[in-house]
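Everything below concerns the one structure shown next.
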2 protein chains.
Amino acid sequence: MRKGQSAITIKDVAREAGVGLMTVSRVINGVPGKKYSEATAERVRQAIERLGYEPNQVARSLRGRRTGVIGLVTTSIVDPFWASCARGVELEARERNYVPILMASDENCEIEERQVAALQGRRVDGLLLAATPRLHRTTLIARLASIPTVALDRPIAGVKTDCVMIDNEAAAAEATRHLIQHGHRRIAFVGYHPRIYTVQKRTIGFVAAMNEAGLEGIVRTIGITAAPIYDLVREILSGRNRPTAIFATNTMTMQRVLQAARDLGLAIPGDLAVTGFEDFAWAGLVEPGLTVVRQPGEEMGRRAAQLLFDRLGGQKGPTQRVILDSELVIRESCGCTKRPAVTAVSA
Amino acid sequence: MRKGQSAITIKDVAREAGVGLMTVSRVINGVPGKKYSEATAERVRQAIERLGYEPNQVARSLRGRRTGVIGLVTTSIVDPFWASCARGVELEARERNYVPILMASDENCEIEERQVAALQGRRVDGLLLAATPRLHRTTLIARLASIPTVALDRPIAGVKTDCVMIDNEAAAAEATRHLIQHGHRRIAFVGYHPRIYTVQKRTIGFVAAMNEAGLEGIVRTIGITAAPIYDLVREILSGRNRPTAIFATNTMTMQRVLQAARDLGLAIPGDLAVTGFEDFAWAGLVEPGLTVVRQPGEEMGRRAAQLLFDRLGGQKGPTQRVILDSELVIRESCGCTKRPAVTAVSA
DNA sequence: TTGTACGCGTTATCAA
DNA sequence: TTGATAACGCGTACAA
């Protein structure tokens with residue numbers, strides 16, 4: 001509302017239409033057992049149109065028991081995986097006339113805590129949370145006790161909730177085995193800090209696959225910002241006994257790996273084979289195409305939102321853990337040969 | 001709040017601490033002229049902690065004159081340009097304890113209308129809007145009259161607001177001239193529908209640059225979904241008199257161009273030079289590197305949010321149009337030769 | 001230093 | 001079929 005001039009309320013509409021407050025309210029909410037005459041209803045509708053009235057959801061939220069808002073807290077809004085999750089959530093929410101509030105915690109538990117607190121303060125009806133590891137003391141668990149929550153991508157330590165995720169361990173193991181099959185013996189696992197649940201599971205899958213083959217895995221992880229990852233990768237690739245293959249645990253890491261390889265003059269996959277996590281739009285467009293684990297991000301977002309809405313709708317039952325399928329998309333960065341072009345039209 | 005169990009209120013805290021409502025309220029809001037004893041304040045704080053109480057912002061919003069929420073409506077949440085705008089907005093909002101509600105209109109004016117209505121209903125304090133062309137009758141203009149709004153990326157037809165954007169016309173002309181300098185005579189401009197403001201301006205810049213050089217531009221535009229763009233590009237590239245260069249107006253179009261070129265066996269930049277819009281993370285990592293116009297997305301989001309908060313803070317003055325600098329980032333897809341690798345360390 | 005009354009815009013409930 | 005009243009949780013204004 002413009003400074004100093006307050007918004008139209010139901011009262012204004014009632015006065016304009018020459019009826020009582022409740023009549024307007026009833027017309028707006030369209031009671032099933034229609035308790036008003038069509039004539040008055042029409043007058044009300046016209047008044048609403050004339051005044052450009054929009055019901056105040058804030059008041060409704062206070063009066064009723066729902067706000068029609070859900071929260072979504074993930075690591076990032078620019079990372080393509082999280083963005084696709086957000087997209088899925090948004091679509092589900094839109095269908096139900098819910099509004100999502102998106103926040104990025106940057107994998108920082110203090111920021112996350114503030115964000116959850118803010119959402120709690122807004123009395124969101126539910127929360128979708130990709131929980132960050134808690135390195136500092138927070139009251140997160142107490143807060144979550146009062147908000148129906150579905151965990152996205154990772155379970156929430158110390159809290160039992162529904163959860164939508166993939167089998168990170170199996171996916172990482174499969175990708176690793178694929179590199180081993182290409183004959184690699186020195187393979188490095190590079191990514192964020194393994195306190196993050198998904199990184200931890202991927203690490204375990206990687207190490208297990210290596211051990212299966214009688215190999216030792218090189219695990220190198222680091223904090224979340226980009227520059228250190230680049231430095232780390234460079235260091236790994238500059239050593240005298242450098243690995244012949246790298247498993248990058250997410251898109252950002254993959255970017256740094258490619259950048260470092262280029263800067264060091266290493267050919268992919270000839271000098272260095274690479275496998276990654278997350279099949280974003282460009283994975284198939286770079287040269288060579290990137291072999292990656294595809295996570296169904298949008299579907300994960302959708303399912304998590306559905307689970308949440310089911311709970312909000314009163315569905316009981318034990319907490320569920322939904323494991324969606326991931327898939328190893330094989331292109332060329334692992335050393336596989338290129339599939340032929342779809343067609344070859346001369347110009 | 002868990003089903004059936006309502007949230008903690010200020011009353012619960014008062015009871016727990018053995019004080020009156022107002023004492024709690026005052027402790028929470030920290031009145032300047034401290035009107036309570038430190039002892040009671042401490043008791044209150046402990047009660048808050050014990051109960052996990054968070055002030056009800058819904059009630060506060062209803063009582064006061066602000067909600068602490070702003071809306072952000074753009075085309076997409078997965079497109080890297082819009083995601084970076086959102087990131088900028090989020091950072092500015094976080095600093096001021098504002099909560100942003102992000103929505104994607106998909107360039108559909110009816111969805112956009114519903115979203116703005118929803119935000120209006122939530123009584124957001126302000127709105128950042130990347131307006132979609134209005135192809136159907138909507139009441140958008142009337143709605144915006146009651147919400148402080150800043151236009152992001154494009155002005156809003158029929159509404160005078162502050163606006164943050166780049167000089168699309170000049171940027172497109174520069175990119176086009178660069179292609180012309182490489183000797184190209186047949187250049188195609190490919191993208192979304194020119195009813196979208198930015199596309200329109202880019203078209204104008206493109207055509208102007210072509211005409212300057214005594215050339216005719218080939219302009220081919222289309223609706224917003226991906227598949228048709230691919231088909232369009234393929235058609236353009238399959239004709240007997242195909243262009244030797246393409247100017248792709250956004251990331252999605254660029255993807256389709258590269259895909260089509262690959263599928264048709266056209267080498268870039270040899271058979272087809274390419275220039276695009278938006279310098280996302282992968283533009284420099286693909287081979288060849290993509291020559292693109294860099295838009296300062298995060299900065300645009302930040303500035304737009306700042307402008308909005310300034311207005312919310314009561315700043316008067318005529319509406320501003322902030323034009324941020326874009327930059328032509330020259331890599332190799334245009335035909336320029338590669339810069340040498342930063343270093344070349346042998347392994 | 002603390003407490004009471006009222007109103008923000010809406011809807012549930014009851015009365016007309 | 002309609003209207004009046006209370007209540008949602010909080011903060012402002014005032015009284016104690």
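Naming scheme: A, B, ... for chains in displayed order of the structure tokens; residues 1 onward per chain; ligands 1 onward as shown.
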Query - Test item: residues at most 10 Å from Pro318 of chain A, only C-alpha atoms (C1' of nucleotides), excluding those fewer than 4 positions along its chain, as a PyMOL selection string - result: chain A and resi 160-162
Write out, as a short mmCIF file (atom, residue, chain, number, x, y, z; two decimals), in the first residue's frame, the residues just selected, with N, CA and C atoms.
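Output contents, as saved in again15.cif:
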```cif
data_model
loop_
_atom_site.label_atom_id
_atom_site.label_comp_id
_atom_site.auth_asym_id
_atom_site.auth_seq_id
_atom_site.Cartn_x
_atom_site.Cartn_y
_atom_site.Cartn_z
N LYS A 160 13.16 -36.71 13.63
CA LYS A 160 12.58 -37.75 12.80
C LYS A 160 11.50 -37.14 11.92
N THR A 161 11.76 -37.06 10.63
CA THR A 161 10.77 -36.50 9.72
C THR A 161 10.70 -37.35 8.46
N ASP A 162 9.69 -37.08 7.66
CA ASP A 162 9.66 -37.65 6.33
C ASP A 162 10.88 -37.12 5.59
#
```
Query - Surrounding residues of Ala209 of chain A excluding itself and chain neighbours under 3 positions, 8 Å, only C-alpha atoms (C1' of nucleotides), as a list in words - result: Ala173, Glu174, Thr176, Arg177, Gly205, Phe206, Glu212 and Ala213 of chain A
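For chain A, the residues no farther than 8 Å from chain D when using only C-alpha atoms (C1' of nucleotides) are Gly20, Leu21, Met22, Thr23, Lys35, Tyr36, Ser37, Leu62, Arg63 and Gly64 of chain A.
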May I ask you to extract the residues of chain A within 9 Å of chain C, using only C-alpha atoms (C1' of nucleotides), and to give them as a JSON list (two decimals) with C-alpha atoms, in the first residue's frame?
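New file result_15.json:
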```json
[["chain", "number", "residue", "atom", "x", "y", "z"],
["A", 9, "THR", "CA", -10.62, -3.78, 3.52],
["A", 10, "ILE", "CA", -13.71, -5.88, 3.63],
["A", 11, "LYS", "CA", -15.41, -3.01, 5.43],
["A", 22, "MET", "CA", -20.37, -11.11, 6.82],
["A", 25, "SER", "CA", -17.05, -12.57, 3.58],
["A", 55, "PRO", "CA", -8.61, -10.19, 0.80],
["A", 56, "ASN", "CA", -5.98, -9.64, 3.45],
["A", 57, "GLN", "CA", -4.23, -12.96, 3.89],
["A", 58, "VAL", "CA", -2.42, -11.67, 6.91],
["A", 59, "ALA", "CA", -5.67, -11.24, 8.78],
["A", 60, "ARG", "CA", -6.95, -14.53, 7.48],
["A", 61, "SER", "CA", -3.81, -16.23, 8.67],
["A", 62, "LEU", "CA", -4.18, -14.76, 12.11],
["A", 63, "ARG", "CA", -7.80, -15.72, 12.38],
["A", 64, "GLY", "CA", -7.61, -19.13, 10.85]]
```
Within 7 Å of chain A, which residues of chain B come that close, and what is the closest atom pair and distance in Å for each? Count only C-alpha atoms and give it as JSON lines.
```
{"residue": "B:Met1", "atom": "CA", "partner": "A:Ser146", "partner_atom": "CA", "distance": 4.3}
{"residue": "B:Arg2", "atom": "CA", "partner": "A:Ser146", "partner_atom": "CA", "distance": 5.5}
{"residue": "B:Ala7", "atom": "CA", "partner": "A:Ser146", "partner_atom": "CA", "distance": 6.9}
{"residue": "B:Gly52", "atom": "CA", "partner": "A:Ala142", "partner_atom": "CA", "distance": 6.1}
{"residue": "B:Glu54", "atom": "CA", "partner": "A:Gly121", "partner_atom": "CA", "distance": 5.4}
{"residue": "B:Pro55", "atom": "CA", "partner": "A:Gly121", "partner_atom": "CA", "distance": 5.6}
{"residue": "B:Asn56", "atom": "CA", "partner": "A:Gly121", "partner_atom": "CA", "distance": 5.0}
{"residue": "B:Gln57", "atom": "CA", "partner": "A:Arg122", "partner_atom": "CA", "distance": 5.0}
{"residue": "B:Val58", "atom": "CA", "partner": "A:Arg122", "partner_atom": "CA", "distance": 5.8}
{"residue": "B:Ala59", "atom": "CA", "partner": "A:Leu62", "partner_atom": "CA", "distance": 6.2}
{"residue": "B:Leu62", "atom": "CA", "partner": "A:Ala59", "partner_atom": "CA", "distance": 6.2}
{"residue": "B:Ile77", "atom": "CA", "partner": "A:Ala83", "partner_atom": "CA", "distance": 6.3}
{"residue": "B:Val78", "atom": "CA", "partner": "A:Ala83", "partner_atom": "CA", "distance": 5.1}
{"residue": "B:Pro80", "atom": "CA", "partner": "A:Val78", "partner_atom": "CA", "distance": 6.5}
{"residue": "B:Ala83", "atom": "CA", "partner": "A:Val78", "partner_atom": "CA", "distance": 5.1}
{"residue": "B:Ser84", "atom": "CA", "partner": "A:Val78", "partner_atom": "CA", "distance": 6.2}
{"residue": "B:Arg87", "atom": "CA", "partner": "A:Ile77", "partner_atom": "CA", "distance": 6.6}
{"residue": "B:Pro100", "atom": "CA", "partner": "A:Ile101", "partner_atom": "CA", "distance": 6.7}
{"residue": "B:Ile101", "atom": "CA", "partner": "A:Ile101", "partner_atom": "CA", "distance": 4.9}
{"residue": "B:Leu102", "atom": "CA", "partner": "A:Leu102", "partner_atom": "CA", "distance": 6.5}
{"residue": "B:Gly121", "atom": "CA", "partner": "A:Asn56", "partner_atom": "CA", "distance": 5.1}
{"residue": "B:Arg122", "atom": "CA", "partner": "A:Gln57", "partner_atom": "CA", "distance": 5.0}
{"residue": "B:Arg123", "atom": "CA", "partner": "A:Asn56", "partner_atom": "CA", "distance": 6.9}
{"residue": "B:Ser146", "atom": "CA", "partner": "A:Met1", "partner_atom": "CA", "distance": 4.4}
{"residue": "B:Ile147", "atom": "CA", "partner": "A:Met1", "partner_atom": "CA", "distance": 5.0}
{"residue": "B:Pro148", "atom": "CA", "partner": "A:Arg2", "partner_atom": "CA", "distance": 6.5}
{"residue": "B:Ser238", "atom": "CA", "partner": "A:Ala347", "partner_atom": "CA", "distance": 6.5}
{"residue": "B:Arg240", "atom": "CA", "partner": "A:Ala347", "partner_atom": "CA", "distance": 6.8}
{"residue": "B:Gln259", "atom": "CA", "partner": "A:Leu285", "partner_atom": "CA", "distance": 6.8}
{"residue": "B:Asp263", "atom": "CA", "partner": "A:Ala341", "partner_atom": "CA", "distance": 5.5}
{"residue": "B:Leu264", "atom": "CA", "partner": "A:Ala344", "partner_atom": "CA", "distance": 5.0}
{"residue": "B:Gly265", "atom": "CA", "partner": "A:Ala344", "partner_atom": "CA", "distance": 5.6}
{"residue": "B:Leu285", "atom": "CA", "partner": "A:Gln259", "partner_atom": "CA", "distance": 6.8}
{"residue": "B:Val286", "atom": "CA", "partner": "A:Val286", "partner_atom": "CA", "distance": 4.6}
{"residue": "B:Glu287", "atom": "CA", "partner": "A:Glu287", "partner_atom": "CA", "distance": 5.7}
{"residue": "B:Ala341", "atom": "CA", "partner": "A:Asp263", "partner_atom": "CA", "distance": 5.4}
{"residue": "B:Val342", "atom": "CA", "partner": "A:Asp263", "partner_atom": "CA", "distance": 5.5}
{"residue": "B:Thr343", "atom": "CA", "partner": "A:Asp263", "partner_atom": "CA", "distance": 5.9}
{"residue": "B:Ala344", "atom": "CA", "partner": "A:Leu264", "partner_atom": "CA", "distance": 4.9}
{"residue": "B:Val345", "atom": "CA", "partner": "A:Leu264", "partner_atom": "CA", "distance": 5.3}
{"residue": "B:Ala347", "atom": "CA", "partner": "A:Ser238", "partner_atom": "CA", "distance": 6.4}
```
Write out, as a compact mmCIF listing (two decimals), in the first residue's frame, the residues just selected, with N, CA and C atoms.
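Contents of the output file again.txt:
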```
# COMPACT_ATOMS: atom_id res chain seq x y z
N MET B 1 3.02 -25.50 13.13
CA MET B 1 2.67 -26.11 14.43
C MET B 1 2.10 -27.49 14.21
N ARG B 2 2.47 -28.39 15.07
CA ARG B 2 1.96 -29.74 14.96
C ARG B 2 0.45 -29.75 15.07
N ALA B 7 0.59 -22.97 18.41
CA ALA B 7 1.92 -22.43 18.65
C ALA B 7 1.99 -21.66 19.97
N GLY B 52 10.91 -22.16 23.30
CA GLY B 52 11.17 -22.07 21.86
C GLY B 52 10.20 -21.09 21.21
N GLU B 54 8.77 -17.91 19.34
CA GLU B 54 9.16 -16.98 18.28
C GLU B 54 7.97 -16.06 18.06
N PRO B 55 8.17 -14.75 18.16
CA PRO B 55 7.05 -13.82 18.02
C PRO B 55 6.27 -14.07 16.73
N ASN B 56 4.99 -13.97 16.81
CA ASN B 56 4.13 -14.22 15.66
C ASN B 56 4.14 -13.02 14.71
N GLN B 57 4.86 -13.17 13.64
CA GLN B 57 4.97 -12.07 12.67
C GLN B 57 3.65 -11.79 11.98
N VAL B 58 2.80 -12.78 11.94
CA VAL B 58 1.51 -12.57 11.31
C VAL B 58 0.71 -11.54 12.11
N ALA B 59 0.71 -11.74 13.40
CA ALA B 59 0.00 -10.79 14.26
C ALA B 59 0.68 -9.42 14.21
N LEU B 62 -0.25 -7.65 11.10
CA LEU B 62 -1.62 -7.15 11.10
C LEU B 62 -1.73 -5.89 11.94
N ILE B 77 13.12 -19.73 -12.02
CA ILE B 77 14.09 -19.84 -10.93
C ILE B 77 15.25 -20.73 -11.29
N VAL B 78 15.19 -21.39 -12.43
CA VAL B 78 16.32 -22.24 -12.79
C VAL B 78 17.29 -21.58 -13.77
N PRO B 80 20.01 -19.36 -15.06
CA PRO B 80 21.10 -18.80 -14.26
C PRO B 80 21.04 -17.28 -14.12
N ALA B 83 18.35 -16.63 -11.55
CA ALA B 83 18.79 -17.14 -10.26
C ALA B 83 19.79 -16.18 -9.63
N SER B 84 20.66 -15.59 -10.46
CA SER B 84 21.64 -14.68 -9.87
C SER B 84 20.97 -13.39 -9.41
N ARG B 87 19.51 -14.20 -6.14
CA ARG B 87 20.57 -14.25 -5.14
C ARG B 87 20.87 -12.85 -4.61
N PRO B 100 12.11 -12.64 1.33
CA PRO B 100 11.64 -12.55 -0.05
C PRO B 100 10.78 -13.75 -0.43
N ILE B 101 9.73 -13.49 -1.14
CA ILE B 101 8.95 -14.58 -1.72
C ILE B 101 9.25 -14.60 -3.21
N LEU B 102 9.84 -15.72 -3.67
CA LEU B 102 10.24 -15.82 -5.09
C LEU B 102 9.18 -16.56 -5.88
N GLY B 121 -2.28 -9.91 -1.76
CA GLY B 121 -3.08 -10.45 -0.67
C GLY B 121 -2.25 -10.65 0.59
N ARG B 122 -1.00 -11.04 0.41
CA ARG B 122 -0.12 -11.23 1.57
C ARG B 122 0.35 -9.89 2.10
N ARG B 123 -0.02 -8.82 1.42
CA ARG B 123 0.37 -7.49 1.84
C ARG B 123 1.88 -7.32 1.92
N SER B 146 -1.05 -0.17 -5.75
CA SER B 146 -1.07 -0.26 -4.29
C SER B 146 0.16 -0.95 -3.71
N ILE B 147 1.15 -1.24 -4.55
CA ILE B 147 2.36 -1.89 -4.04
C ILE B 147 3.59 -1.16 -4.54
N PRO B 148 4.43 -0.68 -3.63
CA PRO B 148 5.68 -0.07 -4.06
C PRO B 148 6.45 -1.08 -4.90
N SER B 238 19.63 -25.65 -41.38
CA SER B 238 19.55 -26.67 -42.41
C SER B 238 19.25 -26.10 -43.79
N ARG B 240 19.38 -23.96 -47.30
CA ARG B 240 20.48 -23.99 -48.25
C ARG B 240 21.39 -22.78 -48.13
N GLN B 259 23.49 -27.44 -29.36
CA GLN B 259 23.01 -28.79 -29.55
C GLN B 259 22.72 -29.06 -31.02
N ASP B 263 24.48 -31.67 -33.50
CA ASP B 263 23.69 -32.70 -34.18
C ASP B 263 23.84 -32.61 -35.70
N LEU B 264 24.08 -31.41 -36.20
CA LEU B 264 24.22 -31.23 -37.64
C LEU B 264 25.68 -31.35 -38.09
N GLY B 265 26.56 -31.58 -37.13
CA GLY B 265 27.96 -31.74 -37.47
C GLY B 265 28.64 -30.43 -37.86
N LEU B 285 33.77 -22.66 -19.74
CA LEU B 285 34.29 -24.02 -19.58
C LEU B 285 34.01 -24.91 -20.78
N VAL B 286 33.08 -24.52 -21.62
CA VAL B 286 32.82 -25.33 -22.80
C VAL B 286 33.91 -25.06 -23.83
N GLU B 287 33.97 -25.92 -24.80
CA GLU B 287 34.99 -25.81 -25.84
C GLU B 287 34.29 -25.66 -27.18
N ALA B 341 46.82 -20.80 -22.15
CA ALA B 341 46.47 -21.30 -20.83
C ALA B 341 47.24 -20.50 -19.80
N VAL B 342 46.69 -20.36 -18.64
CA VAL B 342 47.29 -19.54 -17.60
C VAL B 342 48.70 -20.03 -17.27
N THR B 343 48.85 -21.31 -17.11
CA THR B 343 50.16 -21.89 -16.88
C THR B 343 50.15 -23.27 -17.53
N ALA B 344 51.28 -23.88 -17.65
CA ALA B 344 51.31 -25.23 -18.18
C ALA B 344 52.28 -26.05 -17.35
N VAL B 345 51.73 -26.70 -16.38
CA VAL B 345 52.55 -27.52 -15.49
C VAL B 345 52.49 -28.95 -16.00
N ALA B 347 52.81 -33.04 -15.78
CA ALA B 347 52.44 -33.95 -14.71
C ALA B 347 53.43 -35.10 -14.60
```
Could you pull out all residues of segment 142-294 of chain B with a DSSP call of strand (DSSP E) and give them as a short mmCIF file (atom, residue, chain, number, x, y, z; two decimals) with N, CA and C atoms, in the first residue's frame?
```cif
data_model
loop_
_atom_site.label_atom_id
_atom_site.label_comp_id
_atom_site.auth_asym_id
_atom_site.auth_seq_id
_atom_site.Cartn_x
_atom_site.Cartn_y
_atom_site.Cartn_z
N THR B 149 6.78 -0.69 -6.12
CA THR B 149 7.36 -1.66 -7.04
C THR B 149 8.62 -1.14 -7.70
N VAL B 150 9.57 -2.02 -7.88
CA VAL B 150 10.74 -1.70 -8.69
C VAL B 150 10.79 -2.70 -9.84
N ALA B 151 10.93 -2.19 -11.04
CA ALA B 151 11.02 -3.07 -12.20
C ALA B 151 12.43 -3.60 -12.34
N LEU B 152 12.53 -4.88 -12.61
CA LEU B 152 13.83 -5.53 -12.70
C LEU B 152 14.02 -6.03 -14.12
N ASP B 162 10.54 2.83 -10.48
CA ASP B 162 11.99 2.73 -10.55
C ASP B 162 12.31 1.47 -11.34
N CYS B 163 13.47 1.46 -11.98
CA CYS B 163 13.80 0.32 -12.83
C CYS B 163 15.30 0.11 -12.87
N VAL B 164 15.70 -1.13 -12.80
CA VAL B 164 17.12 -1.47 -12.91
C VAL B 164 17.30 -2.38 -14.11
N MET B 165 18.16 -2.00 -15.02
CA MET B 165 18.33 -2.78 -16.23
C MET B 165 19.70 -2.52 -16.85
N ILE B 166 19.96 -3.15 -17.97
CA ILE B 166 21.17 -2.84 -18.72
C ILE B 166 20.74 -2.22 -20.05
N ILE B 187 23.99 -13.23 -40.66
CA ILE B 187 23.95 -13.48 -39.22
C ILE B 187 22.48 -13.59 -38.80
N ALA B 188 22.18 -14.62 -38.02
CA ALA B 188 20.81 -14.78 -37.55
C ALA B 188 20.69 -14.44 -36.08
N PHE B 189 19.62 -13.77 -35.75
CA PHE B 189 19.30 -13.42 -34.36
C PHE B 189 18.21 -14.39 -33.93
N VAL B 190 18.47 -15.16 -32.91
CA VAL B 190 17.51 -16.19 -32.50
C VAL B 190 17.15 -16.03 -31.04
N GLY B 191 15.86 -16.11 -30.74
CA GLY B 191 15.48 -15.98 -29.33
C GLY B 191 13.99 -16.04 -29.11
N TYR B 192 13.61 -15.62 -27.92
CA TYR B 192 12.20 -15.63 -27.56
C TYR B 192 11.46 -14.53 -28.31
N ILE B 218 18.95 -11.43 -40.11
CA ILE B 218 17.93 -12.46 -40.14
C ILE B 218 17.41 -12.57 -38.72
N VAL B 219 16.16 -12.22 -38.50
CA VAL B 219 15.61 -12.28 -37.15
C VAL B 219 14.61 -13.41 -37.06
N ARG B 220 14.86 -14.33 -36.18
CA ARG B 220 13.94 -15.44 -36.00
C ARG B 220 13.66 -15.59 -34.52
N THR B 221 12.41 -15.39 -34.14
CA THR B 221 12.07 -15.52 -32.72
C THR B 221 10.87 -16.44 -32.57
N ILE B 222 10.59 -16.78 -31.34
CA ILE B 222 9.63 -17.84 -31.09
C ILE B 222 9.20 -17.81 -29.65
N ALA B 245 26.76 -17.15 -38.86
CA ALA B 245 26.88 -16.78 -37.45
C ALA B 245 25.49 -16.64 -36.83
N ILE B 246 25.42 -16.91 -35.55
CA ILE B 246 24.15 -16.78 -34.83
C ILE B 246 24.37 -15.97 -33.57
N PHE B 247 23.41 -15.09 -33.31
CA PHE B 247 23.40 -14.35 -32.06
C PHE B 247 22.24 -14.91 -31.24
N ALA B 248 22.57 -15.64 -30.19
CA ALA B 248 21.53 -16.25 -29.34
C ALA B 248 21.20 -15.30 -28.20
N ALA B 273 29.78 -19.37 -36.31
CA ALA B 273 30.21 -18.57 -35.17
C ALA B 273 29.00 -18.30 -34.29
N VAL B 274 29.24 -18.18 -32.99
CA VAL B 274 28.11 -18.01 -32.08
C VAL B 274 28.44 -16.97 -31.03
N THR B 275 27.44 -16.15 -30.73
CA THR B 275 27.56 -15.17 -29.66
C THR B 275 26.28 -15.23 -28.85
N GLY B 276 26.39 -15.02 -27.56
CA GLY B 276 25.19 -15.15 -26.73
C GLY B 276 24.99 -14.04 -25.73
N PHE B 277 24.02 -14.25 -24.88
CA PHE B 277 23.69 -13.29 -23.85
C PHE B 277 23.68 -14.03 -22.52
N THR B 291 31.53 -16.63 -26.40
CA THR B 291 31.57 -15.18 -26.38
C THR B 291 30.17 -14.68 -26.07
N VAL B 292 30.04 -13.97 -24.98
CA VAL B 292 28.71 -13.58 -24.51
C VAL B 292 28.69 -12.19 -23.92
N VAL B 293 27.51 -11.62 -23.86
CA VAL B 293 27.31 -10.38 -23.15
C VAL B 293 27.10 -10.73 -21.68
N ARG B 294 27.93 -10.20 -20.83
CA ARG B 294 27.77 -10.47 -19.40
C ARG B 294 26.83 -9.45 -18.79
#
```
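Using only C-alpha atoms for every distance, the candidate list A:Lys201, A:Lys316, A:Arg15, A:His193 yields A:Lys201 as the residue closest to Asp153 of chain A.
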